[in-house]
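structure-v3.pdb follows; it contains PDB, C-alpha atoms, pLDDT in the B column.
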ATOM      1  CA  ASN A  17     245.622 116.143  38.244  1.00 45.00           C
ATOM      2  CA  ARG A  18     244.830 117.089  34.633  1.00 57.00           C
ATOM      3  CA  PHE A  19     246.963 118.895  32.081  1.00 60.00           C
ATOM      4  CA  GLU A  20     245.618 120.486  28.937  1.00 65.00           C
ATOM      5  CA  PHE A  21     247.408 122.785  26.502  1.00 64.00           C
ATOM      6  CA  ARG A  22     244.924 124.111  23.984  1.00 70.00           C
ATOM      7  CA  ALA A  23     244.929 127.165  21.743  1.00 70.00           C
ATOM      8  CA  VAL A  24     247.590 129.078  23.646  1.00 73.00           C
ATOM      9  CA  GLY A  25     248.108 132.759  22.879  1.00 74.00           C
ATOM     10  CA  SER A  26     250.657 133.915  20.312  1.00 78.00           C
ATOM     11  CA  SER A  27     253.030 135.067  23.065  1.00 79.00           C
ATOM     12  CA  GLN A  28     252.789 131.753  24.937  1.00 80.00           C
ATOM     13  CA  ASN A  29     254.676 128.511  24.502  1.00 83.00           C
ATOM     14  CA  CYS A  30     253.846 125.027  25.769  1.00 83.00           C
ATOM     15  CA  CYS A  31     257.469 123.919  26.117  1.00 87.00           C
ATOM     16  CA  LEU A  32     257.902 124.958  29.767  1.00 88.00           C
ATOM     17  CA  PRO A  33     254.765 123.269  31.189  1.00 84.00           C
ATOM     18  CA  VAL A  34     255.458 120.202  29.040  1.00 87.00           C
ATOM     19  CA  MET A  35     258.986 120.077  30.466  1.00 92.00           C
ATOM     20  CA  VAL A  36     257.580 120.298  34.009  1.00 91.00           C
ATOM     21  CA  CYS A  37     255.116 117.461  33.320  1.00 89.00           C
ATOM     22  CA  ASN A  38     257.915 115.333  31.898  1.00 94.00           C
ATOM     23  CA  ALA A  39     260.077 116.123  34.926  1.00 96.00           C
ATOM     24  CA  ILE A  40     257.267 115.061  37.269  1.00 93.00           C
ATOM     25  CA  MET A  41     256.834 111.792  35.367  1.00 94.00           C
ATOM     26  CA  ALA A  42     260.594 111.136  35.275  1.00 96.00           C
ATOM     27  CA  ALA A  43     260.929 111.792  39.006  1.00 95.00           C
ATOM     28  CA  GLY A  44     258.016 109.463  39.785  1.00 94.00           C
ATOM     29  CA  MET A  45     259.359 106.681  37.601  1.00 96.00           C
ATOM     30  CA  ALA A  46     262.847 107.088  39.083  1.00 95.00           C
ATOM     31  CA  LYS A  47     261.457 106.707  42.604  1.00 95.00           C
ATOM     32  CA  LEU A  48     259.407 103.669  41.597  1.00 96.00           C
ATOM     33  CA  ALA A  49     262.462 102.072  39.963  1.00 97.00           C
ATOM     34  CA  GLU A  50     264.508 102.752  43.104  1.00 96.00           C
ATOM     35  CA  MET A  51     261.911 101.001  45.277  1.00 96.00           C
ATOM     36  CA  ILE A  52     261.820  97.963  42.981  1.00 97.00           C
ATOM     37  CA  GLU A  53     265.593  97.793  42.690  1.00 96.00           C
ATOM     38  CA  GLY A  54     265.728  98.022  46.484  1.00 95.00           C
ATOM     39  CA  GLY A  55     263.904  94.718  46.788  1.00 95.00           C
ATOM     40  CA  MET A  56     260.179  95.533  46.737  1.00 95.00           C
ATOM     41  CA  SER A  57     257.910  93.649  44.377  1.00 96.00           C
ATOM     42  CA  HIS A  58     256.357  95.538  41.493  1.00 95.00           C
ATOM     43  CA  ARG A  59     252.948  95.321  43.150  1.00 96.00           C
ATOM     44  CA  ASP A  60     254.121  96.481  46.565  1.00 97.00           C
ATOM     45  CA  ALA A  61     256.093  99.369  45.064  1.00 96.00           C
ATOM     46  CA  VAL A  62     253.110 100.604  43.044  1.00 96.00           C
ATOM     47  CA  ALA A  63     250.776 100.134  46.026  1.00 97.00           C
ATOM     48  CA  ALA A  64     253.113 102.104  48.303  1.00 96.00           C
ATOM     49  CA  MET A  65     253.397 104.930  45.800  1.00 95.00           C
ATOM     50  CA  TYR A  66     249.637 105.015  45.333  1.00 95.00           C
ATOM     51  CA  LYS A  67     249.041 105.127  49.083  1.00 95.00           C
ATOM     52  CA  GLU A  68     251.506 108.005  49.462  1.00 94.00           C
ATOM     53  CA  ASN A  69     250.021 110.076  46.630  1.00 92.00           C
ATOM     54  CA  LYS A  70     246.341 109.117  46.367  1.00 92.00           C
ATOM     55  CA  HIS A  71     245.294 112.406  48.020  1.00 91.00           C
ATOM     56  CA  VAL A  72     245.983 114.218  44.737  1.00 89.00           C
ATOM     57  CA  ILE A  73     243.448 112.116  42.807  1.00 88.00           C
ATOM     58  CA  PHE A  74     240.070 113.733  42.188  1.00 86.00           C
ATOM     59  CA  THR A  75     237.601 112.400  39.616  1.00 84.00           C
ATOM     60  CA  GLY A  76     235.043 115.203  39.916  1.00 84.00           C
ATOM     61  CA  ASN A  77     234.943 118.638  38.302  1.00 85.00           C
ATOM     62  CA  GLY A  78     238.416 120.084  38.743  1.00 81.00           C
ATOM     63  CA  TYR A  79     237.111 123.597  37.991  1.00 83.00           C
ATOM     64  CA  SER A  80     234.442 123.547  40.704  1.00 88.00           C
ATOM     65  CA  ASP A  81     234.429 125.134  44.149  1.00 89.00           C
ATOM     66  CA  GLU A  82     233.930 121.609  45.477  1.00 89.00           C
ATOM     67  CA  TRP A  83     237.470 120.677  44.407  1.00 88.00           C
ATOM     68  CA  LYS A  84     238.950 123.827  45.925  1.00 89.00           C
ATOM     69  CA  GLN A  85     237.401 122.966  49.273  1.00 91.00           C
ATOM     70  CA  GLU A  86     238.379 119.316  49.009  1.00 91.00           C
ATOM     71  CA  ALA A  87     241.943 120.176  47.989  1.00 90.00           C
ATOM     72  CA  ALA A  88     242.272 122.435  51.029  1.00 91.00           C
ATOM     73  CA  LYS A  89     241.104 119.585  53.273  1.00 93.00           C
ATOM     74  CA  ARG A  90     243.753 117.350  51.723  1.00 92.00           C
ATOM     75  CA  GLY A  91     246.477 119.923  52.313  1.00 92.00           C
ATOM     76  CA  LEU A  92     247.053 120.577  48.613  1.00 91.00           C
ATOM     77  CA  PRO A  93     248.140 124.043  47.449  1.00 90.00           C
ATOM     78  CA  ASN A  94     245.822 126.195  45.337  1.00 88.00           C
ATOM     79  CA  LEU A  95     248.159 128.374  43.304  1.00 90.00           C
ATOM     80  CA  ASN A  96     245.456 130.313  41.490  1.00 89.00           C
ATOM     81  CA  THR A  97     247.519 133.357  40.510  1.00 94.00           C
ATOM     82  CA  THR A  98     250.797 133.726  38.646  1.00 95.00           C
ATOM     83  CA  PRO A  99     252.707 135.290  41.586  1.00 97.00           C
ATOM     84  CA  LYS A 100     251.640 132.422  43.874  1.00 96.00           C
ATOM     85  CA  ALA A 101     252.840 129.865  41.339  1.00 95.00           C
ATOM     86  CA  VAL A 102     256.105 131.641  40.555  1.00 97.00           C
ATOM     87  CA  ALA A 103     256.886 131.956  44.270  1.00 97.00           C
ATOM     88  CA  THR A 104     257.051 128.148  44.547  1.00 96.00           C
ATOM     89  CA  TRP A 105     259.144 127.645  41.404  1.00 97.00           C
ATOM     90  CA  ASN A 106     262.464 127.993  43.206  1.00 96.00           C
ATOM     91  CA  SER A 107     261.545 125.964  46.293  1.00 96.00           C
ATOM     92  CA  ASP A 108     264.221 123.632  47.665  1.00 96.00           C
ATOM     93  CA  LYS A 109     262.257 120.612  46.455  1.00 95.00           C
ATOM     94  CA  ASN A 110     261.889 121.908  42.894  1.00 96.00           C
ATOM     95  CA  SER A 111     265.440 123.194  42.641  1.00 97.00           C
ATOM     96  CA  LYS A 112     266.835 119.843  43.796  1.00 97.00           C
ATOM     97  CA  LEU A 113     264.619 117.955  41.340  1.00 96.00           C
ATOM     98  CA  PHE A 114     265.719 120.072  38.365  1.00 97.00           C
ATOM     99  CA  GLU A 115     269.362 119.631  39.368  1.00 97.00           C
ATOM    100  CA  THR A 116     269.027 115.857  39.856  1.00 96.00           C
ATOM    101  CA  LEU A 117     267.419 115.446  36.433  1.00 96.00           C
ATOM    102  CA  LYS A 118     270.069 117.735  34.912  1.00 96.00           C
ATOM    103  CA  ILE A 119     267.439 120.172  33.649  1.00 97.00           C
ATOM    104  CA  TYR A 120     268.568 123.326  35.449  1.00 97.00           C
ATOM    105  CA  THR A 121     271.354 124.169  37.851  1.00 97.00           C
ATOM    106  CA  PRO A 122     270.159 125.922  41.051  1.00 97.00           C
ATOM    107  CA  GLU A 123     271.365 129.208  39.575  1.00 97.00           C
ATOM    108  CA  GLU A 124     269.401 128.630  36.368  1.00 98.00           C
ATOM    109  CA  THR A 125     266.259 127.779  38.361  1.00 97.00           C
ATOM    110  CA  ALA A 126     266.579 131.040  40.302  1.00 97.00           C
ATOM    111  CA  ALA A 127     267.222 132.988  37.099  1.00 98.00           C
ATOM    112  CA  ARG A 128     264.157 131.460  35.455  1.00 96.00           C
ATOM    113  CA  GLN A 129     262.038 132.575  38.415  1.00 97.00           C
ATOM    114  CA  GLU A 130     263.345 136.128  38.096  1.00 97.00           C
ATOM    115  CA  VAL A 131     262.499 136.159  34.386  1.00 96.00           C
ATOM    116  CA  MET A 132     258.972 134.933  35.179  1.00 96.00           C
ATOM    117  CA  TYR A 133     258.430 137.749  37.658  1.00 97.00           C
ATOM    118  CA  GLU A 134     259.810 140.371  35.258  1.00 97.00           C
ATOM    119  CA  ASN A 135     257.633 139.103  32.411  1.00 95.00           C
ATOM    120  CA  TYR A 136     254.490 139.146  34.552  1.00 96.00           C
ATOM    121  CA  ILE A 137     255.158 142.673  35.788  1.00 97.00           C
ATOM    122  CA  SER A 138     256.018 143.924  32.304  1.00 96.00           C
ATOM    123  CA  CYS A 139     252.897 142.411  30.725  1.00 95.00           C
ATOM    124  CA  LEU A 140     250.484 143.706  33.351  1.00 97.00           C
ATOM    125  CA  SER A 141     252.121 147.124  33.387  1.00 97.00           C
ATOM    126  CA  THR A 142     251.757 147.373  29.603  1.00 97.00           C
ATOM    127  CA  GLU A 143     248.140 146.203  29.735  1.00 97.00           C
ATOM    128  CA  ALA A 144     247.222 148.670  32.489  1.00 98.00           C
ATOM    129  CA  GLU A 145     248.912 151.613  30.775  1.00 98.00           C
ATOM    130  CA  THR A 146     247.284 150.683  27.457  1.00 98.00           C
ATOM    131  CA  MET A 147     243.915 150.519  29.214  1.00 98.00           C
ATOM    132  CA  VAL A 148     244.430 154.000  30.627  1.00 98.00           C
ATOM    133  CA  ASP A 149     245.436 155.348  27.213  1.00 98.00           C
ATOM    134  CA  MET A 150     242.480 153.739  25.408  1.00 98.00           C
ATOM    135  CA  THR A 151     240.062 155.105  27.995  1.00 98.00           C
ATOM    136  CA  GLU A 152     241.447 158.629  27.939  1.00 98.00           C
ATOM    137  CA  THR A 153     241.840 158.978  24.174  1.00 97.00           C
ATOM    138  CA  GLY A 154     238.914 156.886  22.977  1.00 97.00           C
ATOM    139  CA  ILE A 155     236.234 156.050  25.528  1.00 97.00           C
ATOM    140  CA  LEU A 156     235.936 159.343  27.404  1.00 97.00           C
ATOM    141  CA  PRO A 157     235.796 161.554  24.267  1.00 97.00           C
ATOM    142  CA  ALA A 158     233.032 159.289  22.929  1.00 97.00           C
ATOM    143  CA  CYS A 159     231.195 159.602  26.249  1.00 96.00           C
ATOM    144  CA  ALA A 160     231.448 163.389  26.068  1.00 96.00           C
ATOM    145  CA  LYS A 161     230.045 163.420  22.518  1.00 95.00           C
ATOM    146  CA  ASP A 162     227.187 161.151  23.517  1.00 94.00           C
ATOM    147  CA  LEU A 163     226.365 163.325  26.539  1.00 92.00           C
ATOM    148  CA  GLN A 164     226.406 166.438  24.390  1.00 91.00           C
ATOM    149  CA  LYS A 165     224.032 164.867  21.871  1.00 89.00           C
ATOM    150  CA  SER A 166     221.665 163.737  24.614  1.00 85.00           C
ATOM    151  CA  SER A 167     221.827 166.910  26.714  1.00 82.00           C
ATOM    152  CA  THR A 168     218.385 168.038  25.604  1.00 81.00           C
ATOM    153  CA  ALA A 169     216.806 164.617  25.988  1.00 79.00           C
ATOM    154  CA  ASN A 170     214.476 163.499  28.740  1.00 82.00           C
ATOM    155  CA  GLN A 171     216.189 163.020  32.118  1.00 82.00           C
ATOM    156  CA  LYS A 172     215.249 159.351  32.183  1.00 85.00           C
ATOM    157  CA  TYR A 173     217.356 158.989  29.057  1.00 86.00           C
ATOM    158  CA  ASN A 174     220.202 161.346  29.946  1.00 87.00           C
ATOM    159  CA  VAL A 175     220.807 160.802  33.678  1.00 90.00           C
ATOM    160  CA  PRO A 176     221.749 157.088  33.479  1.00 91.00           C
ATOM    161  CA  ARG A 177     224.335 157.938  30.827  1.00 93.00           C
ATOM    162  CA  LYS A 178     225.798 160.758  32.885  1.00 93.00           C
ATOM    163  CA  VAL A 179     226.107 158.465  35.909  1.00 95.00           C
ATOM    164  CA  ALA A 180     227.677 155.667  33.877  1.00 96.00           C
ATOM    165  CA  TYR A 181     230.184 157.939  32.148  1.00 97.00           C
ATOM    166  CA  GLU A 182     231.218 159.622  35.394  1.00 97.00           C
ATOM    167  CA  ALA A 183     231.823 156.170  36.874  1.00 97.00           C
ATOM    168  CA  ILE A 184     234.424 155.604  34.155  1.00 98.00           C
ATOM    169  CA  VAL A 185     236.268 158.749  35.196  1.00 98.00           C
ATOM    170  CA  ASP A 186     236.202 157.673  38.848  1.00 98.00           C
ATOM    171  CA  GLU A 187     237.549 154.198  38.109  1.00 98.00           C
ATOM    172  CA  LEU A 188     240.153 155.581  35.717  1.00 98.00           C
ATOM    173  CA  GLU A 189     241.527 157.953  38.363  1.00 98.00           C
ATOM    174  CA  LYS A 190     241.777 155.086  40.860  1.00 98.00           C
ATOM    175  CA  LEU A 191     243.764 153.001  38.370  1.00 98.00           C
ATOM    176  CA  LYS A 192     246.111 155.862  37.450  1.00 98.00           C
ATOM    177  CA  SER A 193     246.767 156.623  41.105  1.00 97.00           C
ATOM    178  CA  CYS A 194     247.421 152.959  41.781  1.00 97.00           C
ATOM    179  CA  LEU A 195     249.960 152.740  38.947  1.00 97.00           C
ATOM    180  CA  GLU A 196     251.773 155.796  40.255  1.00 96.00           C
ATOM    181  CA  SER A 197     252.090 154.153  43.677  1.00 96.00           C
ATOM    182  CA  LYS A 198     253.504 150.823  42.517  1.00 95.00           C
ATOM    183  CA  PRO A 199     256.545 149.557  44.457  1.00 95.00           C
ATOM    184  CA  HIS A 200     259.998 149.377  42.883  1.00 93.00           C
ATOM    185  CA  GLY A 201     263.107 147.329  43.482  1.00 91.00           C
ATOM    186  CA  ASP A 202     261.445 144.152  44.743  1.00 96.00           C
ATOM    187  CA  LEU A 203     260.082 141.818  42.059  1.00 97.00           C
ATOM    188  CA  VAL A 204     257.968 139.776  44.470  1.00 97.00           C
ATOM    189  CA  LYS A 205     256.269 142.810  46.008  1.00 97.00           C
ATOM    190  CA  GLU A 206     255.745 144.410  42.601  1.00 97.00           C
ATOM    191  CA  ALA A 207     254.200 141.232  41.136  1.00 98.00           C
ATOM    192  CA  ASP A 208     251.901 140.837  44.147  1.00 98.00           C
ATOM    193  CA  TYR A 209     250.917 144.512  43.865  1.00 98.00           C
ATOM    194  CA  PHE A 210     249.932 144.173  40.219  1.00 98.00           C
ATOM    195  CA  CYS A 211     248.017 140.962  40.934  1.00 97.00           C
ATOM    196  CA  ASP A 212     246.189 141.975  44.117  1.00 97.00           C
ATOM    197  CA  THR A 213     245.806 145.739  43.659  1.00 97.00           C
ATOM    198  CA  VAL A 214     246.115 146.769  40.005  1.00 98.00           C
ATOM    199  CA  LYS A 215     244.156 143.904  38.381  1.00 98.00           C
ATOM    200  CA  PRO A 216     240.987 144.402  40.482  1.00 98.00           C
ATOM    201  CA  LEU A 217     240.964 148.080  39.501  1.00 98.00           C
ATOM    202  CA  MET A 218     241.356 147.120  35.849  1.00 98.00           C
ATOM    203  CA  VAL A 219     238.356 144.811  36.200  1.00 98.00           C
ATOM    204  CA  SER A 220     236.321 147.624  37.782  1.00 98.00           C
ATOM    205  CA  LEU A 221     237.210 150.016  34.963  1.00 98.00           C
ATOM    206  CA  ARG A 222     236.343 147.340  32.407  1.00 97.00           C
ATOM    207  CA  LYS A 223     232.898 146.887  33.994  1.00 97.00           C
ATOM    208  CA  ALA A 224     232.284 150.638  33.929  1.00 97.00           C
ATOM    209  CA  VAL A 225     233.223 150.816  30.238  1.00 97.00           C
ATOM    210  CA  ASP A 226     231.039 147.787  29.455  1.00 96.00           C
ATOM    211  CA  THR A 227     228.097 149.589  31.034  1.00 96.00           C
ATOM    212  CA  ALA A 228     228.816 152.677  28.930  1.00 95.00           C
ATOM    213  CA  GLU A 229     229.044 150.569  25.791  1.00 94.00           C
ATOM    214  CA  SER A 230     225.522 149.268  26.404  1.00 93.00           C
ATOM    215  CA  LEU A 231     224.174 152.847  26.612  1.00 93.00           C
ATOM    216  CA  MET A 232     226.208 154.748  24.037  1.00 93.00           C
ATOM    217  CA  GLU A 233     225.132 155.395  20.472  1.00 92.00           C
ATOM    218  CA  ALA A 234     226.745 152.602  18.444  1.00 89.00           C
ATOM    219  CA  GLY A 235     228.335 154.943  15.934  1.00 92.00           C
ATOM    220  CA  LEU A 236     230.225 156.803  18.655  1.00 95.00           C
ATOM    221  CA  TYR A 237     231.858 153.805  20.324  1.00 94.00           C
ATOM    222  CA  PRO A 238     235.544 154.075  19.314  1.00 95.00           C
ATOM    223  CA  TYR A 239     236.580 150.414  19.283  1.00 95.00           C
ATOM    224  CA  PRO A 240     235.232 147.257  17.598  1.00 91.00           C
ATOM    225  CA  THR A 241     232.766 145.397  19.790  1.00 88.00           C
ATOM    226  CA  TYR A 242     232.805 141.621  20.255  1.00 86.00           C
ATOM    227  CA  GLU A 243     229.701 141.460  18.089  1.00 85.00           C
ATOM    228  CA  GLN A 244     231.471 143.258  15.248  1.00 86.00           C
ATOM    229  CA  MET A 245     234.622 141.156  15.524  1.00 87.00           C
ATOM    230  CA  ILE A 246     232.848 137.803  15.702  1.00 89.00           C
ATOM    231  CA  TYR A 247     229.831 138.343  13.468  1.00 86.00           C
ATOM    232  CA  SER A 248     230.954 141.093  11.074  1.00 77.00           C
ATOM    233  CA  HIS A 249     230.815 138.666   8.137  1.00 73.00           C
ATOM    234  CA  HIS A 250     227.047 138.495   8.654  1.00 71.00           C
ATOM    235  CA  PHE A 251     226.577 142.259   8.321  1.00 62.00           C
TER     236      PHE A 251
END

Please, can you express the file's structure as structure tokens?
Amino acid sequence: NRFEFRAVGSSQNCCLPVMVCNAIMAAGMAKLAEMIEGGMSHRDAVAAMYKENKHVIFTGNGYSDEWKQEAAKRGLPNLNTTPKAVATWNSDKNSKLFETLKIYTPEETAARQEVMYENYISCLSTEAETMVDMTETGILPACAKDLQKSSTANQKYNVPRKVAYEAIVDELEKLKSCLESKPHGDLVKEADYFCDTVKPLMVSLRKAVDTAESLMEAGLYPYPTYEQMIYSHHF
């Protein structure tokens, strides 16, 4: 019920969601015009349309769990991941709408969906493989150096670091194994796999590395921290 396009990433473009919003508005106005031209008064036409669609209106916090629960009660979809959203793109309703408004032919709508799936899979695959590479060539060597420097330190100082750094290795192996087992030949299954299986493992590895960052000697950490990137002009 709200649309905002702010500060999109360099690889993103607002034209597609703007087109969808315009298509929704055009379809709504076309239906309203049809009702009026069919003999209904302006008031009755608007009232009928409001009655049919008022279940989508919510004036509370659209980001809250309250709205998720309320939307479910109203029978509204909660497409909270890219694969879920892309799966509905080529529905009969959407395909017919795009064709009626002369935006896409059915074949173009299907092709657009395929491109969306391929882009999602390609982006997540690149991100996951980059994460593996950064961990293996940067994070783990820094962990090893830090462990070596602290090997003679008190156990209360050394043991937490050893545990944290070993956790990175464990999470890294899980992610690598997961990537090796990804499905092929079916875009829907592959997109769902990256969303539901690969992404959670990436989050787990990220948490393990964040923990290590908070323990490691600052000079050994191989990549710029958020503090350095945001506040470096103060140093």

Apply the PyMOL selection byres ((chain A and resi 176) around 12) to the file shown and report the selected residues as a CSV table (one decimal) with C-alpha atoms, in the frame of the given file.
chain,number,residue,atom,x,y,z
A,163,LEU,CA,226.4,163.3,26.5
A,166,SER,CA,221.7,163.7,24.6
A,167,SER,CA,221.8,166.9,26.7
A,169,ALA,CA,216.8,164.6,26.0
A,170,ASN,CA,214.5,163.5,28.7
A,171,GLN,CA,216.2,163.0,32.1
A,172,LYS,CA,215.2,159.4,32.2
A,173,TYR,CA,217.4,159.0,29.1
A,174,ASN,CA,220.2,161.3,29.9
A,175,VAL,CA,220.8,160.8,33.7
A,177,ARG,CA,224.3,157.9,30.8
A,178,LYS,CA,225.8,160.8,32.9
A,179,VAL,CA,226.1,158.5,35.9
A,180,ALA,CA,227.7,155.7,33.9
A,181,TYR,CA,230.2,157.9,32.1
A,182,GLU,CA,231.2,159.6,35.4
A,183,ALA,CA,231.8,156.2,36.9
A,227,THR,CA,228.1,149.6,31.0
A,228,ALA,CA,228.8,152.7,28.9
A,230,SER,CA,225.5,149.3,26.4
A,231,LEU,CA,224.2,152.8,26.6
A,232,MET,CA,226.2,154.7,24.0

Contact residues around Lys215 of chain A with all atoms listed in the file at 9 Å, ignoring same-chain residues under 6 positions, as a short mmCIF file (atom, residue, chain, number, x, y, z; two decimals) with C-alpha atoms, keeping the file's coordinate frame:
data_model
loop_
_atom_site.label_atom_id
_atom_site.label_comp_id
_atom_site.auth_asym_id
_atom_site.auth_seq_id
_atom_site.Cartn_x
_atom_site.Cartn_y
_atom_site.Cartn_z
CA LEU A 140 250.48 143.71 33.35
CA ALA A 144 247.22 148.67 32.49
CA TYR A 209 250.92 144.51 43.86
#

Evaluate the PyMOL selection byres ((chain A and resi 156) around 10) and report residues as a list in words: Met150, Thr151, Glu152, Thr153, Gly154, Ile155, Pro157, Ala158, Cys159, Ala160, Lys161, Asp162, Tyr181, Glu182, Ile184, Val185, Val225, Ala228, Tyr237 and Pro238 of chain A

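Picked by the PyMOL selection byres ((chain A and resi 103-116) around 10) from the coordinates shown: Val36, Ala39, Ile40, Ala42, Ala43, Leu95, Thr98, Pro99, Lys100, Ala101, Val102, Leu117, Lys118, Ile119, Tyr120, Thr121, Pro122, Glu123, Glu124, Thr125, Ala126, Ala127, Arg128, Gln129, Glu130, Met132, Tyr133 and Val204 of chain A.
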
Hey, can I get the axis-aligned box for segment 32-36 of chain A? All listed atoms, 8 Å padding on each side, centre and edge lengths in Å to one decimal, as lines of an AutoDock Vina configuration file.
center_x = 256.9
center_y = 122.5
center_z = 31.5
size_x = 20.2
size_y = 20.9
size_z = 21.0

Could you list, with a cut-off of 12 Å and counting all atoms listed in the file, the residues of segment 88-118 of chain A near segment 74-84 of chain A, each shown with its nearest atom pair and the distance in Å rounded to one decimal, rows sorted by chain and ascending number, as a tab-separated table?
residue	atom	partner	partner_atom	distance
A:Ala88	CA	A:Lys84	CA	6.2
A:Lys89	CA	A:Lys84	CA	8.8
A:Arg90	CA	A:Lys84	CA	9.9
A:Gly91	CA	A:Lys84	CA	10.6
A:Leu92	CA	A:Lys84	CA	9.1
A:Pro93	CA	A:Lys84	CA	9.3
A:Asn94	CA	A:Lys84	CA	7.3
A:Leu95	CA	A:Lys84	CA	10.6
A:Asn96	CA	A:Lys84	CA	10.2

Computed interatomic separation between atom CA of Ser26 of chain A and atom CA of Met147 of chain A (Å):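 Atom CA of Met147 of chain A lies at a distance of 20.0 Å from atom CA of Ser26 of chain A.
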
Residue among A:Ile137, A:Ala49, A:Val131, A:Met65 lying closest to Lys205 of chain A, counting all atoms listed in the file: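 Using all atoms listed in the file, Lys205 of chain A sits closest to A:Ile137.
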
Separation of atom CA of Lys198 of chain A from atom CA of Lys223 of chain A, in Å and rounded to one decimal: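 Between these atoms lies a distance of 22.6 Å.
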
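Computed from the coordinates, the atom CA of Cys139 of chain A to atom CA of Glu243 of chain A distance equals 26.4 Å.
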
Distance query Lys192 of chain A at most 10 Å, all atoms listed in the file, self and fewer than 3 positions along chain excluded, as a PyMOL selection string: chain A and resi 144-145+148+187-189+195-197+214+217

Missing atoms of segment 95-100 of chain A rebuilt to all heavy atoms, written as a PDB file, in the coordinates of the input:
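The resulting selection.pdb:
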ATOM      1  N   LEU A  95     247.376 127.265  43.847  1.00 90.00           N
ATOM      2  CA  LEU A  95     248.159 128.374  43.304  1.00 90.00           C
ATOM      3  C   LEU A  95     247.385 128.996  42.145  1.00 90.00           C
ATOM      4  O   LEU A  95     247.661 128.761  40.972  1.00 90.00           O
ATOM      5  CB  LEU A  95     249.535 127.873  42.845  1.00 90.00           C
ATOM      6  CG  LEU A  95     250.316 127.073  43.897  1.00 90.00           C
ATOM      7  CD1 LEU A  95     251.623 126.565  43.324  1.00 90.00           C
ATOM      8  CD2 LEU A  95     250.542 127.906  45.146  1.00 90.00           C
ATOM      9  N   ASN A  96     246.405 129.815  42.484  1.00 89.00           N
ATOM     10  CA  ASN A  96     245.456 130.313  41.490  1.00 89.00           C
ATOM     11  C   ASN A  96     245.839 131.648  40.876  1.00 89.00           C
ATOM     12  O   ASN A  96     245.052 132.237  40.132  1.00 89.00           O
ATOM     13  CB  ASN A  96     244.057 130.404  42.103  1.00 89.00           C
ATOM     14  CG  ASN A  96     244.019 131.306  43.330  1.00 89.00           C
ATOM     15  OD1 ASN A  96     245.059 131.717  43.847  1.00 89.00           O
ATOM     16  ND2 ASN A  96     242.831 131.624  43.801  1.00 89.00           N
ATOM     17  N   THR A  97     247.019 132.158  41.182  1.00 94.00           N
ATOM     18  CA  THR A  97     247.519 133.357  40.510  1.00 94.00           C
ATOM     19  C   THR A  97     248.962 133.124  40.094  1.00 94.00           C
ATOM     20  O   THR A  97     249.653 132.264  40.662  1.00 94.00           O
ATOM     21  CB  THR A  97     247.468 134.599  41.421  1.00 94.00           C
ATOM     22  OG1 THR A  97     248.421 134.451  42.488  1.00 94.00           O
ATOM     23  CG2 THR A  97     246.071 134.813  41.999  1.00 94.00           C
ATOM     24  N   THR A  98     249.415 133.881  39.119  1.00 95.00           N
ATOM     25  CA  THR A  98     250.797 133.726  38.646  1.00 95.00           C
ATOM     26  C   THR A  98     251.817 133.983  39.745  1.00 95.00           C
ATOM     27  O   THR A  98     252.763 133.190  39.904  1.00 95.00           O
ATOM     28  CB  THR A  98     251.048 134.647  37.442  1.00 95.00           C
ATOM     29  OG1 THR A  98     250.183 134.266  36.364  1.00 95.00           O
ATOM     30  CG2 THR A  98     252.493 134.555  36.972  1.00 95.00           C
ATOM     31  N   PRO A  99     251.714 135.069  40.527  1.00 97.00           N
ATOM     32  CA  PRO A  99     252.707 135.290  41.586  1.00 97.00           C
ATOM     33  C   PRO A  99     252.780 134.139  42.595  1.00 97.00           C
ATOM     34  O   PRO A  99     253.869 133.782  43.060  1.00 97.00           O
ATOM     35  CB  PRO A  99     252.231 136.581  42.254  1.00 97.00           C
ATOM     36  CG  PRO A  99     251.531 137.319  41.180  1.00 97.00           C
ATOM     37  CD  PRO A  99     250.825 136.237  40.398  1.00 97.00           C
ATOM     38  N   LYS A 100     251.632 133.554  42.944  1.00 96.00           N
ATOM     39  CA  LYS A 100     251.640 132.422  43.874  1.00 96.00           C
ATOM     40  C   LYS A 100     252.405 131.243  43.272  1.00 96.00           C
ATOM     41  O   LYS A 100     253.163 130.557  43.968  1.00 96.00           O
ATOM     42  CB  LYS A 100     250.204 131.990  44.193  1.00 96.00           C
ATOM     43  CG  LYS A 100     249.450 132.918  45.122  1.00 96.00           C
ATOM     44  CD  LYS A 100     248.049 132.364  45.392  1.00 96.00           C
ATOM     45  CE  LYS A 100     247.240 133.281  46.284  1.00 96.00           C
ATOM     46  NZ  LYS A 100     245.872 132.745  46.532  1.00 96.00           N
TER      47      LYS A 100
END
